[in-house]
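Source file input32.pdb; content: PDB, C-alpha atoms.
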ATOM      1  CA  SER U   1      47.769  46.726 157.712  1.00  0.00           C
ATOM      2  CA  GLN U   2      45.379  48.269 155.229  1.00  0.00           C
ATOM      3  CA  GLN U   3      44.370  47.775 151.656  1.00  0.00           C
ATOM      4  CA  GLY U   4      43.917  50.459 149.056  1.00  0.00           C
ATOM      5  CA  GLU U   5      40.671  50.545 147.110  1.00  0.00           C
ATOM      6  CA  GLU U   6      41.099  51.386 143.460  1.00  0.00           C
ATOM      7  CA  ASP U   7      38.425  53.090 141.408  1.00  0.00           C
ATOM      8  CA  PRO U   8      37.160  52.557 138.776  1.00  0.00           C
ATOM      9  CA  GLN U   9      37.400  48.773 138.631  1.00  0.00           C
ATOM     10  CA  ALA U  10      37.687  48.947 134.850  1.00  0.00           C
ATOM     11  CA  LEU U  11      38.623  51.693 132.418  1.00  0.00           C
ATOM     12  CA  SER U  12      38.592  51.560 128.625  1.00  0.00           C
ATOM     13  CA  ILE U  13      40.127  54.349 126.542  1.00  0.00           C
ATOM     14  CA  GLN U  14      41.632  55.048 123.128  1.00  0.00           C
ATOM     15  CA  GLU U  15      45.336  55.319 122.515  1.00  0.00           C
ATOM     16  CA  GLY U  16      46.533  58.877 123.037  1.00  0.00           C
ATOM     17  CA  GLU U  17      43.924  59.677 125.701  1.00  0.00           C
ATOM     18  CA  ASN U  18      44.759  60.192 129.345  1.00  0.00           C
ATOM     19  CA  ALA U  19      43.810  57.618 131.982  1.00  0.00           C
ATOM     20  CA  THR U  20      43.087  58.522 135.577  1.00  0.00           C
ATOM     21  CA  MET U  21      42.593  56.012 138.342  1.00  0.00           C
ATOM     22  CA  ASN U  22      41.996  56.686 141.997  1.00  0.00           C
ATOM     23  CA  CYS U  23      42.886  55.032 145.266  1.00  0.00           C
ATOM     24  CA  SER U  24      41.356  55.489 148.696  1.00  0.00           C
ATOM     25  CA  TYR U  25      42.619  54.198 152.012  1.00  0.00           C
ATOM     26  CA  LYS U  26      41.458  54.304 155.613  1.00  0.00           C
ATOM     27  CA  THR U  27      44.236  55.177 158.053  1.00  0.00           C
ATOM     28  CA  SER U  28      47.320  57.393 158.006  1.00  0.00           C
ATOM     29  CA  ILE U  29      50.259  56.255 155.928  1.00  0.00           C
ATOM     30  CA  ASN U  30      54.015  56.660 155.580  1.00  0.00           C
ATOM     31  CA  ASN U  31      53.920  56.219 151.838  1.00  0.00           C
ATOM     32  CA  LEU U  32      51.783  54.869 149.030  1.00  0.00           C
ATOM     33  CA  GLN U  33      52.984  52.837 146.078  1.00  0.00           C
ATOM     34  CA  TRP U  34      51.504  52.135 142.667  1.00  0.00           C
ATOM     35  CA  TYR U  35      52.146  48.887 140.802  1.00  0.00           C
ATOM     36  CA  ARG U  36      51.260  47.642 137.337  1.00  0.00           C
ATOM     37  CA  GLN U  37      50.546  44.060 136.290  1.00  0.00           C
ATOM     38  CA  ASN U  38      50.406  43.171 132.636  1.00  0.00           C
ATOM     39  CA  SER U  39      48.312  40.125 131.838  1.00  0.00           C
ATOM     40  CA  GLY U  40      50.069  36.937 132.848  1.00  0.00           C
ATOM     41  CA  ARG U  41      53.096  38.739 134.260  1.00  0.00           C
ATOM     42  CA  GLY U  42      54.483  39.749 137.634  1.00  0.00           C
ATOM     43  CA  LEU U  43      53.849  43.112 139.199  1.00  0.00           C
ATOM     44  CA  VAL U  44      56.104  46.037 138.420  1.00  0.00           C
ATOM     45  CA  HIS U  45      56.631  48.921 140.796  1.00  0.00           C
ATOM     46  CA  LEU U  46      55.756  52.241 139.173  1.00  0.00           C
ATOM     47  CA  ILE U  47      56.120  54.974 141.748  1.00  0.00           C
ATOM     48  CA  LEU U  48      56.277  55.620 145.485  1.00  0.00           C
ATOM     49  CA  ILE U  49      54.931  58.822 147.014  1.00  0.00           C
ATOM     50  CA  ARG U  50      55.684  59.715 150.635  1.00  0.00           C
ATOM     51  CA  SER U  51      53.129  61.147 153.014  1.00  0.00           C
ATOM     52  CA  ASN U  52      54.819  64.568 152.951  1.00  0.00           C
ATOM     53  CA  GLU U  53      54.682  64.759 149.156  1.00  0.00           C
ATOM     54  CA  ARG U  54      51.687  65.991 147.180  1.00  0.00           C
ATOM     55  CA  GLU U  55      52.695  65.144 143.646  1.00  0.00           C
ATOM     56  CA  LYS U  56      55.278  63.055 141.890  1.00  0.00           C
ATOM     57  CA  HIS U  57      56.123  62.489 138.242  1.00  0.00           C
ATOM     58  CA  SER U  58      57.825  59.681 136.382  1.00  0.00           C
ATOM     59  CA  GLY U  59      57.789  59.889 132.597  1.00  0.00           C
ATOM     60  CA  ARG U  60      54.129  59.832 131.507  1.00  0.00           C
ATOM     61  CA  LEU U  61      52.979  59.026 135.033  1.00  0.00           C
ATOM     62  CA  ARG U  62      51.754  61.593 137.513  1.00  0.00           C
ATOM     63  CA  VAL U  63      50.749  60.597 141.028  1.00  0.00           C
ATOM     64  CA  THR U  64      49.043  62.851 143.529  1.00  0.00           C
ATOM     65  CA  LEU U  65      48.430  62.294 147.206  1.00  0.00           C
ATOM     66  CA  ASP U  66      45.884  64.033 149.401  1.00  0.00           C
ATOM     67  CA  THR U  67      46.397  62.825 152.963  1.00  0.00           C
ATOM     68  CA  SER U  68      43.472  64.906 154.251  1.00  0.00           C
ATOM     69  CA  LYS U  69      41.129  62.957 151.971  1.00  0.00           C
ATOM     70  CA  LYS U  70      43.120  59.733 152.290  1.00  0.00           C
ATOM     71  CA  SER U  71      43.270  59.388 148.545  1.00  0.00           C
ATOM     72  CA  SER U  72      45.729  59.174 145.699  1.00  0.00           C
ATOM     73  CA  SER U  73      45.414  59.297 141.934  1.00  0.00           C
ATOM     74  CA  LEU U  74      47.496  57.943 139.096  1.00  0.00           C
ATOM     75  CA  LEU U  75      47.373  59.764 135.779  1.00  0.00           C
ATOM     76  CA  ILE U  76      48.832  58.187 132.649  1.00  0.00           C
ATOM     77  CA  THR U  77      49.158  60.742 129.881  1.00  0.00           C
ATOM     78  CA  ALA U  78      49.134  59.978 126.156  1.00  0.00           C
ATOM     79  CA  SER U  79      48.292  56.341 126.800  1.00  0.00           C
ATOM     80  CA  ARG U  80      49.600  53.541 124.629  1.00  0.00           C
ATOM     81  CA  ALA U  81      48.305  50.041 123.949  1.00  0.00           C
ATOM     82  CA  ALA U  82      51.214  48.749 126.044  1.00  0.00           C
ATOM     83  CA  ASP U  83      49.727  50.507 129.082  1.00  0.00           C
ATOM     84  CA  THR U  84      46.944  47.911 129.063  1.00  0.00           C
ATOM     85  CA  ALA U  85      47.297  46.317 132.476  1.00  0.00           C
ATOM     86  CA  SER U  86      45.903  46.225 135.995  1.00  0.00           C
ATOM     87  CA  TYR U  87      47.042  48.956 138.339  1.00  0.00           C
ATOM     88  CA  PHE U  88      47.237  48.570 142.116  1.00  0.00           C
ATOM     89  CA  CYS U  89      47.840  51.007 144.936  1.00  0.00           C
ATOM     90  CA  VAL U  90      49.466  49.857 148.180  1.00  0.00           C
ATOM     91  CA  PRO U  91      49.286  52.170 151.200  1.00  0.00           C
ATOM     92  CA  ALA U  92      52.079  51.590 153.706  1.00  0.00           C
ATOM     93  CA  SER U  93      51.726  52.456 157.380  1.00  0.00           C
ATOM     94  CA  GLY U  94      54.383  52.255 160.045  1.00  0.00           C
ATOM     95  CA  GLY U  95      54.798  49.474 162.540  1.00  0.00           C
ATOM     96  CA  SER U  96      54.263  45.903 161.369  1.00  0.00           C
ATOM     97  CA  TYR U  97      53.682  46.566 157.718  1.00  0.00           C
ATOM     98  CA  ILE U  98      51.909  43.869 155.725  1.00  0.00           C
ATOM     99  CA  PRO U  99      51.746  44.802 152.043  1.00  0.00           C
ATOM    100  CA  THR U 100      48.140  44.360 150.978  1.00  0.00           C
ATOM    101  CA  PHE U 101      46.815  44.585 147.445  1.00  0.00           C
ATOM    102  CA  GLY U 102      43.261  45.430 146.419  1.00  0.00           C
ATOM    103  CA  ARG U 103      41.440  44.350 143.289  1.00  0.00           C
ATOM    104  CA  GLY U 104      43.083  46.999 141.146  1.00  0.00           C
ATOM    105  CA  THR U 105      41.904  49.024 138.173  1.00  0.00           C
ATOM    106  CA  SER U 106      41.885  47.132 134.909  1.00  0.00           C
ATOM    107  CA  LEU U 107      42.904  49.515 132.127  1.00  0.00           C
ATOM    108  CA  ILE U 108      42.386  48.696 128.465  1.00  0.00           C
ATOM    109  CA  VAL U 109      43.917  51.014 125.874  1.00  0.00           C
ATOM    110  CA  HIS U 110      42.552  50.453 122.394  1.00  0.00           C
ATOM    111  CA  PRO U 111      44.964  51.056 119.504  1.00  0.00           C
TER     112      PRO U 111
ATOM    113  CA  ASP W   1      70.243  39.855 134.971  1.00  0.00           C
ATOM    114  CA  THR W   2      66.982  38.711 136.511  1.00  0.00           C
ATOM    115  CA  ALA W   3      66.357  40.385 139.862  1.00  0.00           C
ATOM    116  CA  VAL W   4      63.786  37.946 141.255  1.00  0.00           C
ATOM    117  CA  SER W   5      63.510  34.549 139.621  1.00  0.00           C
ATOM    118  CA  GLN W   6      61.146  31.668 140.240  1.00  0.00           C
ATOM    119  CA  THR W   7      61.170  28.070 139.134  1.00  0.00           C
ATOM    120  CA  PRO W   8      59.304  26.418 137.684  1.00  0.00           C
ATOM    121  CA  LYS W   9      57.277  28.810 135.556  1.00  0.00           C
ATOM    122  CA  TYR W  10      54.498  26.251 135.067  1.00  0.00           C
ATOM    123  CA  LEU W  11      53.570  23.336 137.276  1.00  0.00           C
ATOM    124  CA  VAL W  12      50.840  20.847 136.446  1.00  0.00           C
ATOM    125  CA  THR W  13      50.312  18.105 138.975  1.00  0.00           C
ATOM    126  CA  GLN W  14      47.782  15.696 140.431  1.00  0.00           C
ATOM    127  CA  MET W  15      45.807  16.190 143.604  1.00  0.00           C
ATOM    128  CA  GLY W  16      47.553  14.776 146.626  1.00  0.00           C
ATOM    129  CA  ASN W  17      51.077  15.323 145.325  1.00  0.00           C
ATOM    130  CA  ASP W  18      53.765  17.362 147.105  1.00  0.00           C
ATOM    131  CA  LYS W  19      55.554  20.074 145.150  1.00  0.00           C
ATOM    132  CA  SER W  20      58.039  22.897 145.703  1.00  0.00           C
ATOM    133  CA  ILE W  21      58.485  26.286 144.086  1.00  0.00           C
ATOM    134  CA  LYS W  22      61.838  28.036 144.343  1.00  0.00           C
ATOM    135  CA  CYS W  23      62.583  31.743 144.484  1.00  0.00           C
ATOM    136  CA  GLU W  24      65.894  33.578 144.357  1.00  0.00           C
ATOM    137  CA  GLN W  25      66.706  37.282 144.440  1.00  0.00           C
ATOM    138  CA  ASN W  26      70.022  38.908 143.610  1.00  0.00           C
ATOM    139  CA  LEU W  27      69.130  42.369 144.876  1.00  0.00           C
ATOM    140  CA  GLY W  28      70.623  41.967 148.329  1.00  0.00           C
ATOM    141  CA  HIS W  29      67.233  42.591 149.939  1.00  0.00           C
ATOM    142  CA  ASP W  30      66.520  41.491 153.484  1.00  0.00           C
ATOM    143  CA  THR W  31      62.835  40.646 153.031  1.00  0.00           C
ATOM    144  CA  MET W  32      61.141  38.136 150.765  1.00  0.00           C
ATOM    145  CA  TYR W  33      57.464  37.331 150.264  1.00  0.00           C
ATOM    146  CA  TRP W  34      55.146  34.738 148.807  1.00  0.00           C
ATOM    147  CA  TYR W  35      51.809  35.818 147.305  1.00  0.00           C
ATOM    148  CA  LYS W  36      48.954  33.819 145.828  1.00  0.00           C
ATOM    149  CA  GLN W  37      46.868  35.268 142.992  1.00  0.00           C
ATOM    150  CA  ASP W  38      43.603  33.457 142.395  1.00  0.00           C
ATOM    151  CA  SER W  39      41.481  33.244 139.270  1.00  0.00           C
ATOM    152  CA  LYS W  40      39.801  36.558 140.153  1.00  0.00           C
ATOM    153  CA  LYS W  41      43.236  38.200 140.113  1.00  0.00           C
ATOM    154  CA  PHE W  42      43.116  38.965 143.832  1.00  0.00           C
ATOM    155  CA  LEU W  43      46.702  39.038 145.134  1.00  0.00           C
ATOM    156  CA  LYS W  44      47.016  37.841 148.707  1.00  0.00           C
ATOM    157  CA  ILE W  45      50.145  37.709 150.828  1.00  0.00           C
ATOM    158  CA  MET W  46      50.976  34.322 152.313  1.00  0.00           C
ATOM    159  CA  PHE W  47      54.351  34.621 154.031  1.00  0.00           C
ATOM    160  CA  SER W  48      57.196  37.019 154.552  1.00  0.00           C
ATOM    161  CA  TYR W  49      60.742  36.343 155.721  1.00  0.00           C
ATOM    162  CA  ASN W  50      63.237  38.902 156.936  1.00  0.00           C
ATOM    163  CA  ASN W  51      66.843  37.710 157.077  1.00  0.00           C
ATOM    164  CA  LYS W  52      65.728  34.071 157.061  1.00  0.00           C
ATOM    165  CA  GLU W  53      63.183  34.628 159.847  1.00  0.00           C
ATOM    166  CA  LEU W  54      59.442  34.314 159.386  1.00  0.00           C
ATOM    167  CA  ILE W  55      57.768  37.656 160.079  1.00  0.00           C
ATOM    168  CA  ILE W  56      54.412  37.381 158.343  1.00  0.00           C
ATOM    169  CA  ASN W  57      52.322  34.239 158.290  1.00  0.00           C
ATOM    170  CA  GLU W  58      48.835  34.944 157.074  1.00  0.00           C
ATOM    171  CA  THR W  59      45.979  32.463 157.341  1.00  0.00           C
ATOM    172  CA  VAL W  60      47.377  29.756 155.124  1.00  0.00           C
ATOM    173  CA  PRO W  61      46.802  25.984 155.489  1.00  0.00           C
ATOM    174  CA  ASN W  62      49.736  24.306 157.187  1.00  0.00           C
ATOM    175  CA  ARG W  63      50.170  22.226 154.037  1.00  0.00           C
ATOM    176  CA  PHE W  64      52.140  25.269 152.854  1.00  0.00           C
ATOM    177  CA  SER W  65      55.593  25.544 154.360  1.00  0.00           C
ATOM    178  CA  PRO W  66      58.081  28.248 153.430  1.00  0.00           C
ATOM    179  CA  LYS W  67      61.791  27.639 153.821  1.00  0.00           C
ATOM    180  CA  SER W  68      64.544  30.230 153.650  1.00  0.00           C
ATOM    181  CA  PRO W  69      68.006  28.647 153.519  1.00  0.00           C
ATOM    182  CA  ASP W  70      69.606  32.091 153.199  1.00  0.00           C
ATOM    183  CA  LYS W  71      68.344  35.613 152.708  1.00  0.00           C
ATOM    184  CA  ALA W  72      68.548  35.341 148.910  1.00  0.00           C
ATOM    185  CA  HIS W  73      66.253  32.324 148.708  1.00  0.00           C
ATOM    186  CA  LEU W  74      62.693  31.633 149.798  1.00  0.00           C
ATOM    187  CA  ASN W  75      61.162  28.359 148.720  1.00  0.00           C
ATOM    188  CA  LEU W  76      57.561  27.245 149.072  1.00  0.00           C
ATOM    189  CA  HIS W  77      56.705  23.623 149.678  1.00  0.00           C
ATOM    190  CA  ILE W  78      53.120  22.450 149.341  1.00  0.00           C
ATOM    191  CA  ASN W  79      51.983  19.096 150.684  1.00  0.00           C
ATOM    192  CA  SER W  80      48.914  17.142 149.625  1.00  0.00           C
ATOM    193  CA  LEU W  81      47.933  19.514 146.843  1.00  0.00           C
ATOM    194  CA  GLU W  82      44.238  20.306 146.435  1.00  0.00           C
ATOM    195  CA  LEU W  83      42.238  21.640 143.503  1.00  0.00           C
ATOM    196  CA  GLY W  84      41.844  24.978 145.280  1.00  0.00           C
ATOM    197  CA  ASP W  85      45.598  25.453 145.332  1.00  0.00           C
ATOM    198  CA  SER W  86      45.515  26.146 141.599  1.00  0.00           C
ATOM    199  CA  ALA W  87      46.665  29.736 141.228  1.00  0.00           C
ATOM    200  CA  VAL W  88      49.621  31.864 140.270  1.00  0.00           C
ATOM    201  CA  TYR W  89      52.214  32.145 143.029  1.00  0.00           C
ATOM    202  CA  PHE W  90      54.452  35.192 143.084  1.00  0.00           C
ATOM    203  CA  CYS W  91      57.646  35.693 144.991  1.00  0.00           C
ATOM    204  CA  ALA W  92      58.819  39.222 145.810  1.00  0.00           C
ATOM    205  CA  SER W  93      61.610  40.912 147.685  1.00  0.00           C
ATOM    206  CA  SER W  94      62.121  44.320 149.247  1.00  0.00           C
ATOM    207  CA  GLN W  95      64.368  46.275 151.524  1.00  0.00           C
ATOM    208  CA  ASP W  96      61.593  46.326 154.112  1.00  0.00           C
ATOM    209  CA  PRO W  97      59.446  48.365 154.244  1.00  0.00           C
ATOM    210  CA  GLY W  98      59.763  49.501 150.704  1.00  0.00           C
ATOM    211  CA  THR W  99      59.359  48.905 147.044  1.00  0.00           C
ATOM    212  CA  GLN W 100      58.698  45.293 146.227  1.00  0.00           C
ATOM    213  CA  TYR W 101      60.258  43.548 143.268  1.00  0.00           C
ATOM    214  CA  PHE W 102      58.206  40.662 141.947  1.00  0.00           C
ATOM    215  CA  GLY W 103      59.188  37.480 140.193  1.00  0.00           C
ATOM    216  CA  PRO W 104      57.442  36.352 136.992  1.00  0.00           C
ATOM    217  CA  GLY W 105      55.114  33.960 138.811  1.00  0.00           C
ATOM    218  CA  THR W 106      54.596  30.207 138.912  1.00  0.00           C
ATOM    219  CA  ARG W 107      51.358  28.972 137.390  1.00  0.00           C
ATOM    220  CA  LEU W 108      50.202  25.969 139.373  1.00  0.00           C
ATOM    221  CA  LEU W 109      47.422  23.763 138.058  1.00  0.00           C
ATOM    222  CA  VAL W 110      46.200  20.916 140.223  1.00  0.00           C
ATOM    223  CA  LEU W 111      44.201  18.258 138.370  1.00  0.00           C
TER     224      LEU W 111
END

As structure tokens:
Amino acid sequence: SQQGEEDPQALSIQEGENATMNCSYKTSINNLQWYRQNSGRGLVHLILIRSNEREKHSGRLRVTLDTSKKSSSLLITASRAADTASYFCVPASGGSYIPTFGRGTSLIVHP
Amino acid sequence: DTAVSQTPKYLVTQMGNDKSIKCEQNLGHDTMYWYKQDSKKFLKIMFSYNNKELIINETVPNRFSPKSPDKAHLNLHINSLELGDSAVYFCASSQDPGTQYFGPGTRLLVL
């Protein structure tokens, strides 16, 4: 199984700005998932993008996937203080899949 | 209705004690997981059960023993607790392989 590597490790923005975080992985995937973890809470699934999809939207979230570059990005538009959290990407390959989390991107949105 | 629940939420105990953490999911999922998140927020998978059978067993001391009485429950028993076991333990479930739903976490502090 493989682990996604999120970049940047930390991101600090003002409320209303957009936040972009990136994820890179090493081998081919079936899908890639993004999760959010607010401080002291469990992880929440945000969005899943399949390997044959290039872009997916969910509310203020936009995820892109470039399988040729083995990378994905998560864009949060019009950020809010409540978006302050750590964000993780989880690439999923076929076969014996072991979900593996990286260190995440820590996003702080200042009110 | 809580999808994935864990008890207890907090657990403070002495070194050398034996303790259990319980997890239940009401989503009808076949697969359940235990993760450990250390002080650096690194989330690491420990075990996974599919339909009451162990399918993932990462490098974890054998003081940790998962037990799945039925596919809706996955409990974690820890013998002879050590200081290094202090962490947040998360249970999750999924319809494997797929989106994982996490519990709120159990904060374990070993004194």

Atomic separation - CA of Leu11 in chain U relative to CA of Arg103 in chain U, Å: 13.4 Å

Contact table chain U vs chain W, cut-off 8 Å, shortest pair per residue, only C-alpha atoms, as JSON lines:
{"residue": "U:Gln33", "atom": "CA", "partner": "W:Thr99", "partner_atom": "CA", "distance": 7.6}
{"residue": "U:Arg41", "atom": "CA", "partner": "W:Pro104", "partner_atom": "CA", "distance": 5.7}
{"residue": "U:Gly42", "atom": "CA", "partner": "W:Pro104", "partner_atom": "CA", "distance": 4.6}
{"residue": "U:Leu43", "atom": "CA", "partner": "W:Phe102", "partner_atom": "CA", "distance": 5.7}
{"residue": "U:Val44", "atom": "CA", "partner": "W:Phe102", "partner_atom": "CA", "distance": 6.8}
{"residue": "U:His45", "atom": "CA", "partner": "W:Thr99", "partner_atom": "CA", "distance": 6.8}
{"residue": "U:Leu48", "atom": "CA", "partner": "W:Thr99", "partner_atom": "CA", "distance": 7.6}
{"residue": "U:Tyr97", "atom": "CA", "partner": "W:Pro97", "partner_atom": "CA", "distance": 7.0}
{"residue": "U:Ile98", "atom": "CA", "partner": "W:Ile56", "partner_atom": "CA", "distance": 7.4}
{"residue": "U:Pro99", "atom": "CA", "partner": "W:Ile45", "partner_atom": "CA", "distance": 7.4}
{"residue": "U:Thr100", "atom": "CA", "partner": "W:Ile45", "partner_atom": "CA", "distance": 6.9}
{"residue": "U:Phe101", "atom": "CA", "partner": "W:Leu43", "partner_atom": "CA", "distance": 6.0}
{"residue": "U:Gly102", "atom": "CA", "partner": "W:Phe42", "partner_atom": "CA", "distance": 7.0}
{"residue": "U:Arg103", "atom": "CA", "partner": "W:Phe42", "partner_atom": "CA", "distance": 5.7}

Among listed residues W:Ser5, W:Thr31, W:Ser39, W:Asn51, nearest Pro69 in chain W (using all atoms listed in the file):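 For Pro69 in chain W, the nearest of the candidates is W:Asn51.
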
Selection: 12 Å around Gly59 in chain U, only C-alpha atoms, excl. self and same-chain fewer than 5 positions, as JSON, numbers by chain: {"U": [46, 47, 75, 76, 77, 78, 79]}

Spatial sel., origin (45.8, 25.1, 139.6), limit 12 Å, only C-alpha atoms, listed as a ChimeraX atom specification: /W:10-15,36-39,81-89,106-111

Go ahead and write the selection's residues with C-alpha atoms as a compact mmCIF listing (two decimals), in the frame of the given file.
# COMPACT_ATOMS: atom_id res chain seq x y z
CA TYR W 10 54.50 26.25 135.07
CA LEU W 11 53.57 23.34 137.28
CA VAL W 12 50.84 20.85 136.45
CA THR W 13 50.31 18.10 138.98
CA GLN W 14 47.78 15.70 140.43
CA MET W 15 45.81 16.19 143.60
CA LYS W 36 48.95 33.82 145.83
CA GLN W 37 46.87 35.27 142.99
CA ASP W 38 43.60 33.46 142.40
CA SER W 39 41.48 33.24 139.27
CA LEU W 81 47.93 19.51 146.84
CA GLU W 82 44.24 20.31 146.44
CA LEU W 83 42.24 21.64 143.50
CA GLY W 84 41.84 24.98 145.28
CA ASP W 85 45.60 25.45 145.33
CA SER W 86 45.52 26.15 141.60
CA ALA W 87 46.66 29.74 141.23
CA VAL W 88 49.62 31.86 140.27
CA TYR W 89 52.21 32.15 143.03
CA THR W 106 54.60 30.21 138.91
CA ARG W 107 51.36 28.97 137.39
CA LEU W 108 50.20 25.97 139.37
CA LEU W 109 47.42 23.76 138.06
CA VAL W 110 46.20 20.92 140.22
CA LEU W 111 44.20 18.26 138.37

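Counting from CA of Cys23 in chain U, the distance to CA of Ser106 in chain U is 13.1 Å.
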
May I have the centre and edge lengths, in Å to one decimal, of an axis-aligned box around the listed atoms of range 51-58 of chain U with 8 Å added to every side, as JSON?
{"center_x": 54.8, "center_y": 62.8, "center_z": 144.7, "size_x": 22.1, "size_y": 22.3, "size_z": 32.6}

What does the PyMOL selection byres ((chain W and resi 76) around 9) select in this file, as a PDB file with C-alpha atoms, in the coordinates of the input?
ATOM      1  CA  LYS W  19      55.554  20.074 145.150  1.00  0.00           C
ATOM      2  CA  SER W  20      58.039  22.897 145.703  1.00  0.00           C
ATOM      3  CA  ILE W  21      58.485  26.286 144.086  1.00  0.00           C
ATOM      4  CA  LYS W  22      61.838  28.036 144.343  1.00  0.00           C
ATOM      5  CA  CYS W  23      62.583  31.743 144.484  1.00  0.00           C
ATOM      6  CA  TRP W  34      55.146  34.738 148.807  1.00  0.00           C
ATOM      7  CA  PHE W  64      52.140  25.269 152.854  1.00  0.00           C
ATOM      8  CA  SER W  65      55.593  25.544 154.360  1.00  0.00           C
ATOM      9  CA  PRO W  66      58.081  28.248 153.430  1.00  0.00           C
ATOM     10  CA  LYS W  67      61.791  27.639 153.821  1.00  0.00           C
ATOM     11  CA  SER W  68      64.544  30.230 153.650  1.00  0.00           C
ATOM     12  CA  LEU W  74      62.693  31.633 149.798  1.00  0.00           C
ATOM     13  CA  ASN W  75      61.162  28.359 148.720  1.00  0.00           C
ATOM     14  CA  HIS W  77      56.705  23.623 149.678  1.00  0.00           C
ATOM     15  CA  ILE W  78      53.120  22.450 149.341  1.00  0.00           C
TER      16      ILE W  78
END

Evaluate the PyMOL selection byres ((chain U and resi 51) around 12) and report residues as a PDB file with C-alpha atoms, keeping the file's coordinate frame:
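Output saved as selection.pdb:
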ATOM      1  CA  THR U  27      44.236  55.177 158.053  1.00  0.00           C
ATOM      2  CA  SER U  28      47.320  57.393 158.006  1.00  0.00           C
ATOM      3  CA  ILE U  29      50.259  56.255 155.928  1.00  0.00           C
ATOM      4  CA  ASN U  30      54.015  56.660 155.580  1.00  0.00           C
ATOM      5  CA  ASN U  31      53.920  56.219 151.838  1.00  0.00           C
ATOM      6  CA  LEU U  32      51.783  54.869 149.030  1.00  0.00           C
ATOM      7  CA  GLN U  33      52.984  52.837 146.078  1.00  0.00           C
ATOM      8  CA  LEU U  48      56.277  55.620 145.485  1.00  0.00           C
ATOM      9  CA  ILE U  49      54.931  58.822 147.014  1.00  0.00           C
ATOM     10  CA  ARG U  50      55.684  59.715 150.635  1.00  0.00           C
ATOM     11  CA  ASN U  52      54.819  64.568 152.951  1.00  0.00           C
ATOM     12  CA  GLU U  53      54.682  64.759 149.156  1.00  0.00           C
ATOM     13  CA  ARG U  54      51.687  65.991 147.180  1.00  0.00           C
ATOM     14  CA  GLU U  55      52.695  65.144 143.646  1.00  0.00           C
ATOM     15  CA  LYS U  56      55.278  63.055 141.890  1.00  0.00           C
ATOM     16  CA  THR U  64      49.043  62.851 143.529  1.00  0.00           C
ATOM     17  CA  LEU U  65      48.430  62.294 147.206  1.00  0.00           C
ATOM     18  CA  ASP U  66      45.884  64.033 149.401  1.00  0.00           C
ATOM     19  CA  THR U  67      46.397  62.825 152.963  1.00  0.00           C
ATOM     20  CA  SER U  68      43.472  64.906 154.251  1.00  0.00           C
ATOM     21  CA  LYS U  70      43.120  59.733 152.290  1.00  0.00           C
ATOM     22  CA  SER U  71      43.270  59.388 148.545  1.00  0.00           C
ATOM     23  CA  SER U  72      45.729  59.174 145.699  1.00  0.00           C
ATOM     24  CA  PRO U  91      49.286  52.170 151.200  1.00  0.00           C
ATOM     25  CA  ALA U  92      52.079  51.590 153.706  1.00  0.00           C
ATOM     26  CA  SER U  93      51.726  52.456 157.380  1.00  0.00           C
ATOM     27  CA  GLY U  94      54.383  52.255 160.045  1.00  0.00           C
TER      28      GLY U  94
END

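Straight-line separation from CA of Ala3 in chain W to CA of Arg63 in chain W: 28.2 Å.
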
Explicit residue set for the PyMOL selection byres ((chain U and resi 89) around 6), as a VMD selection string: chain U and resid 4 33 to 34 88 90

From U:Gly104, U:Pro8, U:Gly40, U:Gly16, residue lying nearest Ala81 in chain U [only C-alpha atoms]: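 Checking each candidate against Ala81 in chain U, we get U:Gly16 as the closest.
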
W:Asn62, W:Glu24, W:Gln95, W:Met32 ranked by distance to Asn79 in chain W, top pick (using only C-alpha atoms): W:Asn62
